[in-house]
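Next up, start-v7.csv (CSV, C-alpha atoms):
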```
chain,number,residue,atom,x,y,z
A,5,MET,CA,-68.5,94.2,-16.6
A,6,LYS,CA,-71.3,96.7,-16.5
A,7,CYS,CA,-74.8,95.4,-15.9
A,8,LEU,CA,-78.1,97.3,-15.7
A,9,VAL,CA,-81.3,96.1,-14.1
A,10,ILE,CA,-84.3,97.5,-16.0
A,11,ILE,CA,-87.5,97.7,-13.9
A,12,PRO,CA,-90.6,98.8,-15.9
A,13,ALA,CA,-93.2,100.1,-13.4
A,14,TYR,CA,-96.9,100.9,-14.0
A,15,ASN,CA,-98.9,101.8,-10.9
A,16,GLU,CA,-96.5,100.1,-8.5
A,17,GLU,CA,-96.4,102.5,-5.6
A,18,GLU,CA,-97.2,99.7,-3.1
A,19,ASN,CA,-94.3,97.5,-4.3
A,20,ILE,CA,-91.6,99.6,-5.7
A,21,VAL,CA,-89.8,100.7,-2.5
A,22,ARG,CA,-89.6,97.1,-1.2
A,23,VAL,CA,-88.4,95.8,-4.6
A,24,ILE,CA,-85.6,98.4,-5.0
A,25,GLU,CA,-84.4,98.0,-1.4
A,26,SER,CA,-84.1,94.2,-1.7
A,27,LEU,CA,-82.4,94.7,-5.1
A,28,LYS,CA,-79.9,97.1,-3.7
A,29,GLU,CA,-79.2,94.6,-0.9
A,30,HIS,CA,-78.6,91.6,-3.0
A,31,CYS,CA,-77.1,93.1,-6.2
A,32,ALA,CA,-74.9,95.9,-5.0
A,33,ASP,CA,-72.6,95.7,-8.1
A,34,CYS,CA,-75.4,96.1,-10.6
A,35,ASP,CA,-76.8,99.4,-11.7
A,36,TYR,CA,-80.6,99.7,-11.9
A,37,VAL,CA,-83.1,102.0,-13.5
A,38,ILE,CA,-86.9,102.3,-12.9
A,39,ILE,CA,-88.9,103.1,-16.0
A,40,ASN,CA,-92.1,104.7,-14.8
A,41,ASP,CA,-94.6,104.0,-17.6
A,42,GLY,CA,-96.9,107.0,-17.2
A,43,SER,CA,-98.4,105.6,-13.9
A,44,ALA,CA,-101.6,107.2,-12.7
A,45,ASP,CA,-100.5,106.7,-9.0
A,46,ASN,CA,-97.6,108.3,-7.2
A,47,THR,CA,-94.9,105.8,-8.4
A,48,ALA,CA,-92.7,108.6,-9.9
A,49,GLY,CA,-93.0,110.9,-7.0
A,50,LEU,CA,-92.2,108.2,-4.5
A,51,CYS,CA,-89.1,107.2,-6.5
A,52,ARG,CA,-87.9,110.8,-6.6
A,53,ARG,CA,-88.4,111.2,-2.9
A,54,MET,CA,-86.5,108.0,-2.2
A,55,GLY,CA,-83.7,109.1,-4.6
A,56,PHE,CA,-84.1,106.1,-6.9
A,57,GLU,CA,-82.7,106.0,-10.4
A,58,LEU,CA,-85.7,106.9,-12.5
A,59,ILE,CA,-86.7,107.4,-16.1
A,60,ASP,CA,-90.2,109.0,-16.1
A,61,LEU,CA,-92.2,108.5,-19.3
A,62,PRO,CA,-94.8,111.3,-19.6
A,63,VAL,CA,-97.3,109.0,-21.4
A,64,ASN,CA,-98.1,105.3,-21.1
A,65,LEU,CA,-96.3,103.1,-23.6
A,66,GLY,CA,-97.0,99.6,-22.4
A,67,LEU,CA,-94.5,97.1,-21.3
A,68,ALA,CA,-92.7,96.7,-24.6
A,69,GLY,CA,-92.2,100.5,-25.0
A,70,ALA,CA,-91.2,101.0,-21.4
A,71,PHE,CA,-88.7,98.1,-21.5
A,72,GLN,CA,-87.2,99.3,-24.8
A,73,THR,CA,-86.6,102.7,-23.1
A,74,GLY,CA,-84.5,101.0,-20.6
A,75,LEU,CA,-82.6,99.1,-23.3
A,76,LYS,CA,-82.0,102.3,-25.2
A,77,TYR,CA,-80.5,103.8,-22.0
A,78,ALA,CA,-78.3,100.6,-21.6
A,79,TYR,CA,-77.3,100.9,-25.2
A,80,ARG,CA,-76.3,104.5,-25.0
A,81,ARG,CA,-74.4,104.0,-21.8
A,82,GLY,CA,-72.6,101.0,-23.2
A,83,TYR,CA,-73.8,98.4,-20.7
A,84,ASP,CA,-72.6,94.8,-21.3
A,85,TYR,CA,-75.8,93.1,-19.8
A,86,ALA,CA,-79.3,94.2,-19.3
A,87,ILE,CA,-81.8,92.5,-17.0
A,88,GLN,CA,-85.6,92.6,-17.3
A,89,PHE,CA,-87.0,92.7,-13.8
A,90,ASP,CA,-90.6,93.1,-12.6
A,91,ALA,CA,-91.6,95.9,-10.2
A,92,ASP,CA,-94.3,93.9,-8.5
A,93,GLY,CA,-92.1,91.8,-6.3
A,94,GLN,CA,-92.5,88.5,-8.2
A,95,HIS,CA,-88.8,88.3,-9.2
A,96,ARG,CA,-86.2,87.7,-6.5
A,97,PRO,CA,-82.9,89.5,-6.8
A,98,GLU,CA,-80.8,86.8,-5.3
A,99,PHE,CA,-81.2,84.8,-8.6
A,100,ILE,CA,-79.6,87.6,-10.7
A,101,GLY,CA,-76.2,86.4,-9.7
A,102,PRO,CA,-76.5,82.8,-11.0
A,103,MET,CA,-78.1,84.2,-14.2
A,104,LEU,CA,-75.2,86.6,-14.8
A,105,GLU,CA,-72.8,83.7,-14.3
A,106,LYS,CA,-74.6,81.7,-16.9
A,107,ILE,CA,-74.7,84.5,-19.5
A,108,GLN,CA,-71.0,85.0,-19.1
A,109,GLU,CA,-70.5,81.5,-20.6
A,110,GLY,CA,-71.4,83.2,-23.9
A,111,TYR,CA,-75.2,83.0,-24.3
A,112,ASP,CA,-77.2,85.8,-26.0
A,113,ILE,CA,-80.2,85.5,-23.6
A,114,VAL,CA,-80.6,83.8,-20.3
A,115,ILE,CA,-84.1,83.2,-19.0
A,116,GLY,CA,-84.9,82.9,-15.3
A,117,SER,CA,-87.0,79.8,-15.5
A,118,ARG,CA,-89.3,78.3,-12.9
A,119,PHE,CA,-89.3,74.9,-14.5
A,120,VAL,CA,-85.7,73.7,-15.3
A,121,THR,CA,-85.5,71.3,-12.4
A,122,LYS,CA,-89.0,71.6,-11.1
A,123,LYS,CA,-92.2,70.4,-12.7
A,124,LYS,CA,-94.9,72.7,-14.0
A,125,PRO,CA,-98.1,72.7,-11.9
A,126,HIS,CA,-101.4,72.0,-13.6
A,127,SER,CA,-103.3,75.2,-14.0
A,128,LEU,CA,-105.0,77.3,-16.8
A,129,ARG,CA,-102.0,79.6,-16.8
A,130,MET,CA,-99.5,76.8,-17.2
A,131,LEU,CA,-101.6,75.3,-20.0
A,132,GLY,CA,-101.0,78.6,-21.9
A,133,SER,CA,-97.3,78.4,-21.0
A,134,ASN,CA,-97.2,74.8,-22.4
A,135,LEU,CA,-98.9,75.8,-25.6
A,136,ILE,CA,-96.3,78.5,-26.2
A,137,SER,CA,-93.5,76.1,-25.4
A,138,LEU,CA,-95.0,73.6,-27.9
A,139,ALA,CA,-95.4,76.3,-30.6
A,140,THR,CA,-91.8,77.4,-30.1
A,141,TRP,CA,-90.6,73.8,-30.3
A,142,MET,CA,-92.6,73.2,-33.5
A,143,THR,CA,-91.1,76.1,-35.3
A,144,THR,CA,-87.5,76.1,-33.9
A,145,GLY,CA,-86.9,72.5,-32.7
A,146,ARG,CA,-85.7,73.9,-29.3
A,147,LYS,CA,-87.3,73.6,-26.0
A,148,VAL,CA,-88.0,76.6,-23.8
A,149,LYS,CA,-89.4,75.4,-20.5
A,150,ASP,CA,-90.6,78.8,-19.2
A,151,PRO,CA,-91.2,81.0,-22.2
A,152,THR,CA,-93.5,83.5,-20.3
A,153,SER,CA,-91.0,84.2,-17.5
A,154,GLY,CA,-90.5,87.9,-17.4
A,155,MET,CA,-87.0,87.6,-15.9
A,156,ARG,CA,-84.4,87.6,-18.6
A,157,ILE,CA,-80.8,88.8,-19.2
A,158,PHE,CA,-79.7,90.1,-22.5
A,159,ASN,CA,-76.1,90.5,-23.7
A,160,LYS,CA,-74.6,93.5,-25.5
A,161,LYS,CA,-75.6,92.3,-29.0
A,162,MET,CA,-79.2,91.7,-27.9
A,163,ILE,CA,-79.4,95.1,-26.2
A,164,ALA,CA,-78.5,96.8,-29.4
A,165,GLU,CA,-80.9,94.7,-31.5
A,166,PHE,CA,-83.8,95.1,-29.1
A,167,ALA,CA,-83.1,98.8,-28.6
A,168,LEU,CA,-83.1,99.8,-32.3
A,169,ASN,CA,-85.7,97.6,-33.9
A,170,LEU,CA,-89.5,97.3,-34.3
A,171,ASN,CA,-91.4,94.2,-33.2
A,172,TYR,CA,-88.8,93.3,-30.5
A,173,GLY,CA,-91.2,93.2,-27.5
A,174,PRO,CA,-89.9,91.3,-24.4
A,175,GLU,CA,-92.3,88.4,-25.2
A,176,PRO,CA,-92.1,84.7,-26.0
A,177,ASP,CA,-92.6,85.3,-29.8
A,178,THR,CA,-89.5,87.4,-29.9
A,179,ILE,CA,-87.6,84.7,-28.1
A,180,SER,CA,-88.9,82.1,-30.6
A,181,TYR,CA,-87.9,84.3,-33.5
A,182,LEU,CA,-84.4,84.9,-32.2
A,183,LEU,CA,-84.0,81.1,-31.5
A,184,LYS,CA,-84.9,80.5,-35.2
A,185,GLN,CA,-82.3,83.1,-36.2
A,186,GLY,CA,-79.6,81.2,-34.3
A,187,ALA,CA,-79.4,83.1,-31.1
A,188,THR,CA,-78.3,81.1,-28.1
A,189,ILE,CA,-80.6,80.9,-25.2
A,190,ALA,CA,-80.2,79.2,-21.8
A,191,GLU,CA,-82.5,78.8,-18.8
A,192,VAL,CA,-81.5,79.0,-15.1
A,193,GLN,CA,-83.7,77.7,-12.3
A,194,VAL,CA,-85.2,80.5,-10.2
A,195,GLU,CA,-88.0,80.8,-7.8
A,196,MET,CA,-90.7,83.4,-8.0
A,197,ASP,CA,-93.0,84.9,-5.4
A,198,GLU,CA,-96.7,85.6,-5.7
A,199,ARG,CA,-97.5,89.3,-6.3
A,200,ILE,CA,-97.9,90.9,-2.9
A,201,ALA,CA,-99.9,94.1,-3.5
A,202,GLY,CA,-101.7,95.6,-6.4
A,203,GLU,CA,-103.6,94.0,-9.3
A,204,SER,CA,-102.3,91.7,-12.0
A,205,TYR,CA,-102.6,93.0,-15.5
A,206,LEU,CA,-103.9,89.7,-16.9
A,207,ASN,CA,-107.6,89.0,-16.8
A,208,LEU,CA,-109.5,86.3,-18.8
A,209,SER,CA,-110.2,88.2,-22.0
A,210,ARG,CA,-106.7,89.7,-22.0
A,211,SER,CA,-105.2,86.3,-21.5
A,212,VAL,CA,-107.1,84.8,-24.4
A,213,MET,CA,-106.0,87.7,-26.6
A,214,TYR,CA,-102.5,87.3,-25.4
A,215,MET,CA,-102.5,83.6,-26.3
A,216,LEU,CA,-104.0,84.2,-29.7
A,217,ARG,CA,-101.4,86.8,-30.5
A,218,MET,CA,-98.5,84.7,-29.3
A,219,LEU,CA,-99.6,81.5,-31.1
A,220,LEU,CA,-100.4,83.2,-34.4
A,221,SER,CA,-97.2,85.2,-34.1
A,222,ILE,CA,-94.9,82.2,-33.3
A,223,LEU,CA,-96.5,79.7,-35.6
A,224,PHE,CA,-97.1,82.0,-38.6
A,225,ILE,CA,-95.8,85.5,-38.6
A,226,GLN,CA,-92.3,85.0,-37.3
A,227,ASN,CA,-91.4,82.7,-40.2
A,228,PHE,CA,-91.6,85.7,-42.6
A,229,ARG,CA,-89.5,88.2,-40.7
A,230,LYS,CA,-86.2,89.4,-42.0
A,231,ARG,CA,-83.5,90.0,-39.5
A,232,ARG,CA,-81.7,93.3,-39.3
A,233,GLU,CA,-78.5,92.7,-37.5
A,234,VAL,CA,-77.2,95.7,-35.5
A,235,LYS,CA,-73.5,96.5,-35.1
A,236,VAL,CA,-72.5,96.8,-31.5
A,237,ARG,CA,-70.6,99.9,-31.0
B,5,MET,CA,-121.4,81.2,-55.3
B,6,THR,CA,-120.0,81.2,-58.8
B,7,LEU,CA,-116.6,79.8,-59.5
B,8,ILE,CA,-115.3,83.3,-60.6
B,9,PHE,CA,-116.4,84.8,-57.4
B,10,ARG,CA,-114.6,82.1,-55.4
B,11,ILE,CA,-111.4,82.5,-57.4
B,12,LEU,CA,-111.7,86.3,-56.9
B,13,LEU,CA,-112.1,85.8,-53.1
B,14,ILE,CA,-109.1,83.4,-52.9
B,15,VAL,CA,-106.9,85.7,-54.9
B,16,VAL,CA,-107.8,88.8,-53.0
B,17,SER,CA,-107.3,87.2,-49.6
B,18,LEU,CA,-103.9,85.7,-50.7
B,19,PHE,CA,-102.8,89.1,-51.9
B,20,THR,CA,-103.8,90.7,-48.6
B,21,THR,CA,-101.9,88.2,-46.6
B,22,CYS,CA,-98.8,88.5,-48.7
B,23,TYR,CA,-98.9,92.3,-48.5
B,24,ILE,CA,-99.2,92.2,-44.7
B,25,LEU,CA,-96.4,89.8,-44.4
B,26,LYS,CA,-94.2,91.9,-46.7
B,27,ARG,CA,-94.8,94.9,-44.5
B,28,ILE,CA,-93.9,93.0,-41.3
B,29,ARG,CA,-90.8,91.6,-43.1
B,30,GLN,CA,-89.7,95.2,-43.8
B,31,SER,CA,-90.4,96.1,-40.1
B,32,LYS,CA,-93.0,98.6,-41.1
B,33,LEU,CA,-95.9,97.0,-39.2
B,34,GLN,CA,-96.3,96.0,-35.6
B,35,ILE,CA,-97.4,92.4,-35.1
B,36,GLU,CA,-100.3,93.5,-32.9
B,37,TYR,CA,-101.9,95.3,-35.8
B,38,ALA,CA,-101.2,92.6,-38.3
B,39,ILE,CA,-103.1,89.9,-36.3
B,40,PHE,CA,-106.6,91.2,-37.2
B,41,TRP,CA,-105.8,91.4,-40.9
B,42,ILE,CA,-104.3,88.0,-41.1
B,43,LEU,CA,-107.3,86.5,-39.3
B,44,PHE,CA,-109.6,88.5,-41.6
B,45,SER,CA,-107.9,87.2,-44.8
B,46,GLY,CA,-107.9,83.7,-43.2
B,47,VAL,CA,-111.7,83.8,-42.9
B,48,LEU,CA,-111.9,85.0,-46.5
B,49,ILE,CA,-109.8,82.1,-47.7
B,50,VAL,CA,-111.8,79.6,-45.7
B,51,PHE,CA,-115.1,80.9,-47.1
B,52,SER,CA,-113.9,80.8,-50.7
B,53,VAL,CA,-112.5,77.3,-50.3
B,54,PHE,CA,-115.5,75.9,-48.5
B,55,PRO,CA,-118.5,77.7,-49.9
B,56,TRP,CA,-120.9,75.3,-48.3
B,57,LEU,CA,-120.0,76.9,-45.0
B,58,VAL,CA,-121.4,80.2,-46.3
B,59,SER,CA,-124.5,78.5,-47.6
B,60,LEU,CA,-125.1,76.9,-44.3
B,61,PHE,CA,-124.9,80.2,-42.4
B,62,THR,CA,-127.1,81.9,-45.1
B,63,ARG,CA,-129.8,79.3,-44.6
B,64,MET,CA,-129.5,79.5,-40.8
B,65,ILE,CA,-130.2,83.2,-40.9
B,66,GLY,CA,-132.9,82.8,-43.6
B,67,MET,CA,-131.2,85.0,-46.2
B,68,GLN,CA,-131.7,84.5,-50.0
B,69,LEU,CA,-128.2,84.7,-51.4
B,70,PRO,CA,-124.8,83.6,-49.8
B,71,VAL,CA,-123.2,86.7,-51.3
B,72,ASN,CA,-125.5,88.9,-49.2
B,73,PHE,CA,-124.4,87.0,-46.1
B,74,ILE,CA,-120.7,87.7,-46.9
B,75,PHE,CA,-121.4,91.4,-47.5
B,76,LEU,CA,-123.4,91.7,-44.2
B,77,LEU,CA,-120.7,89.9,-42.2
B,78,PHE,CA,-117.8,91.8,-43.6
B,79,ILE,CA,-119.5,95.2,-43.4
B,80,PHE,CA,-120.3,94.5,-39.7
B,81,VAL,CA,-116.7,93.3,-38.9
B,82,LEU,CA,-115.2,96.3,-40.7
B,83,MET,CA,-117.5,98.7,-38.9
B,84,VAL,CA,-116.5,97.3,-35.5
B,85,LYS,CA,-112.9,97.5,-36.5
B,86,LEU,CA,-113.4,101.1,-37.7
B,87,PHE,CA,-114.9,102.0,-34.4
B,88,PHE,CA,-112.0,100.5,-32.4
B,89,MET,CA,-109.6,102.3,-34.7
B,90,THR,CA,-111.3,105.6,-33.9
B,91,ILE,CA,-110.9,104.9,-30.2
B,92,GLU,CA,-107.2,104.1,-30.8
B,93,LEU,CA,-106.7,107.2,-32.9
B,94,SER,CA,-108.3,109.4,-30.2
B,95,THR,CA,-106.0,107.9,-27.5
B,96,LEU,CA,-103.0,108.4,-29.8
B,97,GLU,CA,-103.9,112.0,-30.5
B,98,ASN,CA,-104.3,112.6,-26.7
B,99,LYS,CA,-100.8,111.0,-26.1
B,100,VAL,CA,-99.1,113.2,-28.7
B,101,LYS,CA,-100.8,116.3,-27.2
B,102,ASP,CA,-99.6,115.3,-23.7
B,103,LEU,CA,-96.1,114.6,-25.0
B,104,THR,CA,-95.8,117.9,-26.8
B,105,GLN,CA,-97.1,119.8,-23.8
B,106,GLU,CA,-94.7,118.0,-21.5
B,107,LEU,CA,-91.7,118.8,-23.7
B,108,ALA,CA,-92.6,122.4,-24.1
B,109,LEU,CA,-93.3,122.9,-20.3
B,110,GLU,CA,-90.1,121.2,-19.4
B,111,GLU,CA,-88.1,123.5,-21.7
B,112,LYS,CA,-89.9,126.6,-20.3
B,113,GLU,CA,-89.3,125.5,-16.7
B,114,ARG,CA,-85.6,125.0,-17.4
B,115,ARG,CA,-85.3,128.4,-18.9
B,116,ASP,CA,-87.2,130.0,-16.0
B,117,GLU,CA,-84.7,128.4,-13.6
B,118,GLN,CA,-81.8,129.7,-15.6
B,119,LYS,CA,-83.4,133.2,-15.6
B,120,ASP,CA,-83.9,133.0,-11.8
B,121,GLU,CA,-80.3,132.0,-11.3
B,122,ALA,CA,-79.1,134.9,-13.5
B,123,VAL,CA,-81.2,137.3,-11.5
B,124,SER,CA,-79.9,136.1,-8.1
B,125,GLU,CA,-76.3,136.2,-9.4
B,126,THR,CA,-76.6,139.9,-10.4
B,127,ALA,CA,-78.3,140.6,-7.1
B,128,GLU,CA,-75.4,139.1,-5.2
B,129,ARG,CA,-72.9,141.1,-7.2
B,130,GLU,CA,-74.6,144.3,-6.4
```
Would you encode the structure as structure tokens?
Amino acid sequence: MKCLVIIPAYNEEENIVRVIESLKEHCADCDYVIINDGSADNTAGLCRRMGFELIDLPVNLGLAGAFQTGLKYAYRRGYDYAIQFDADGQHRPEFIGPMLEKIQEGYDIVIGSRFVTKKKPHSLRMLGSNLISLATWMTTGRKVKDPTSGMRIFNKKMIAEFALNLNYGPEPDTISYLLKQGATIAEVQVEMDERIAGESYLNLSRSVMYMLRMLLSILFIQNFRKRREVKVR
Amino acid sequence: MTLIFRILLIVVSLFTTCYILKRIRQSKLQIEYAIFWILFSGVLIVFSVFPWLVSLFTRMIGMQLPVNFIFLLFIFVLMVKLFFMTIELSTLENKVKDLTQELALEEKERRDEQKDEAVSETAERE
């Protein structure tokens, strides 16, 4: 079983070393690759100096483009599983093991969820998460408790599908679309830390735009998409 | 608004929506870019189905004809959209330039290295 941890990094020079060291410590049997998404800071230089596995994008592509680069790499190298993992230290590598066990039961995608056994706190951010859950439930009849979690594992079939198609960003609307198409998705309870250094990408106006995009996409657009299945080689 | 004008608006907005959805279906259009046009045609449909809304806004602003309000609104929205598209285009062009330069420079550097290696090898042999 070959498994690749994909870590998209944009301006994460304060976090990346700590994240990779703890990943190496907890998941020695997984390969990893950092996708430097055209950072303005010294993320790439730091990774090279430390001898980390690095794919260095010369221009900024955004999260979807950067993550897809990692999936294309996984697809070309014939990995069985690919893990989406944040470079800001929010995700904890000790939960990769349980998620890998879960996906080996035969699921297409396993989400590292904060709210399987624990209750959602009441905050503006969680209101957004609830709205997306509701929209997903309305269109697919399935409940995803933590749709905005950025910690997910994909199997070989999903790697190929994500790597080769348009409109397969690692976002809740893609999850909802795949659920509708009959993909099997499971959630595993994980814990996440608060971001330690650096700035979060989401501010108020970006969050509102994100919600608008997600809800319109899940409730309306995804119903019209045609699926292109990709043969796994 | 006349009935014909309303029907025209409804037909046009439905066509727009259908065409956008078709392109998404064929995986030719990114969802990010479709959002604006779907909202735009949605507003068009709402205005043509509920023309009293347009009349209300027209009176609020103090214009004479509802049609003028629709023209003004859409010209303004499209101008803003056009401006943002110009910004996007400029960013895109810049990225393509960076990318091309990066590729060419990498290739040149690789060849320089090969040349240096060849030179040092001949020097060793002599």
Determine which residues of chain B sit within 12 Å of chain A, taking into account all atoms listed in the file, and present them as a ChimeraX atom specification. /B:21-43,46,95-107,109-110
Distance atom CA of Ile113 of chain A-atom CA of Cys51 of chain A, one decimal place?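 Computing it gives 29.0 Å between the two atoms.
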What does the distance between atom CA of Pro102 of chain A and atom CA of Tyr83 of chain A come to in Å, to one decimal place? 18.6 Å
To one decimal in Å, tell me the separation between atom CA of Leu60 of chain B and atom CA of Ser209 of chain A.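 One can read the atom CA of Leu60 of chain B to atom CA of Ser209 of chain A distance as 29.1 Å.
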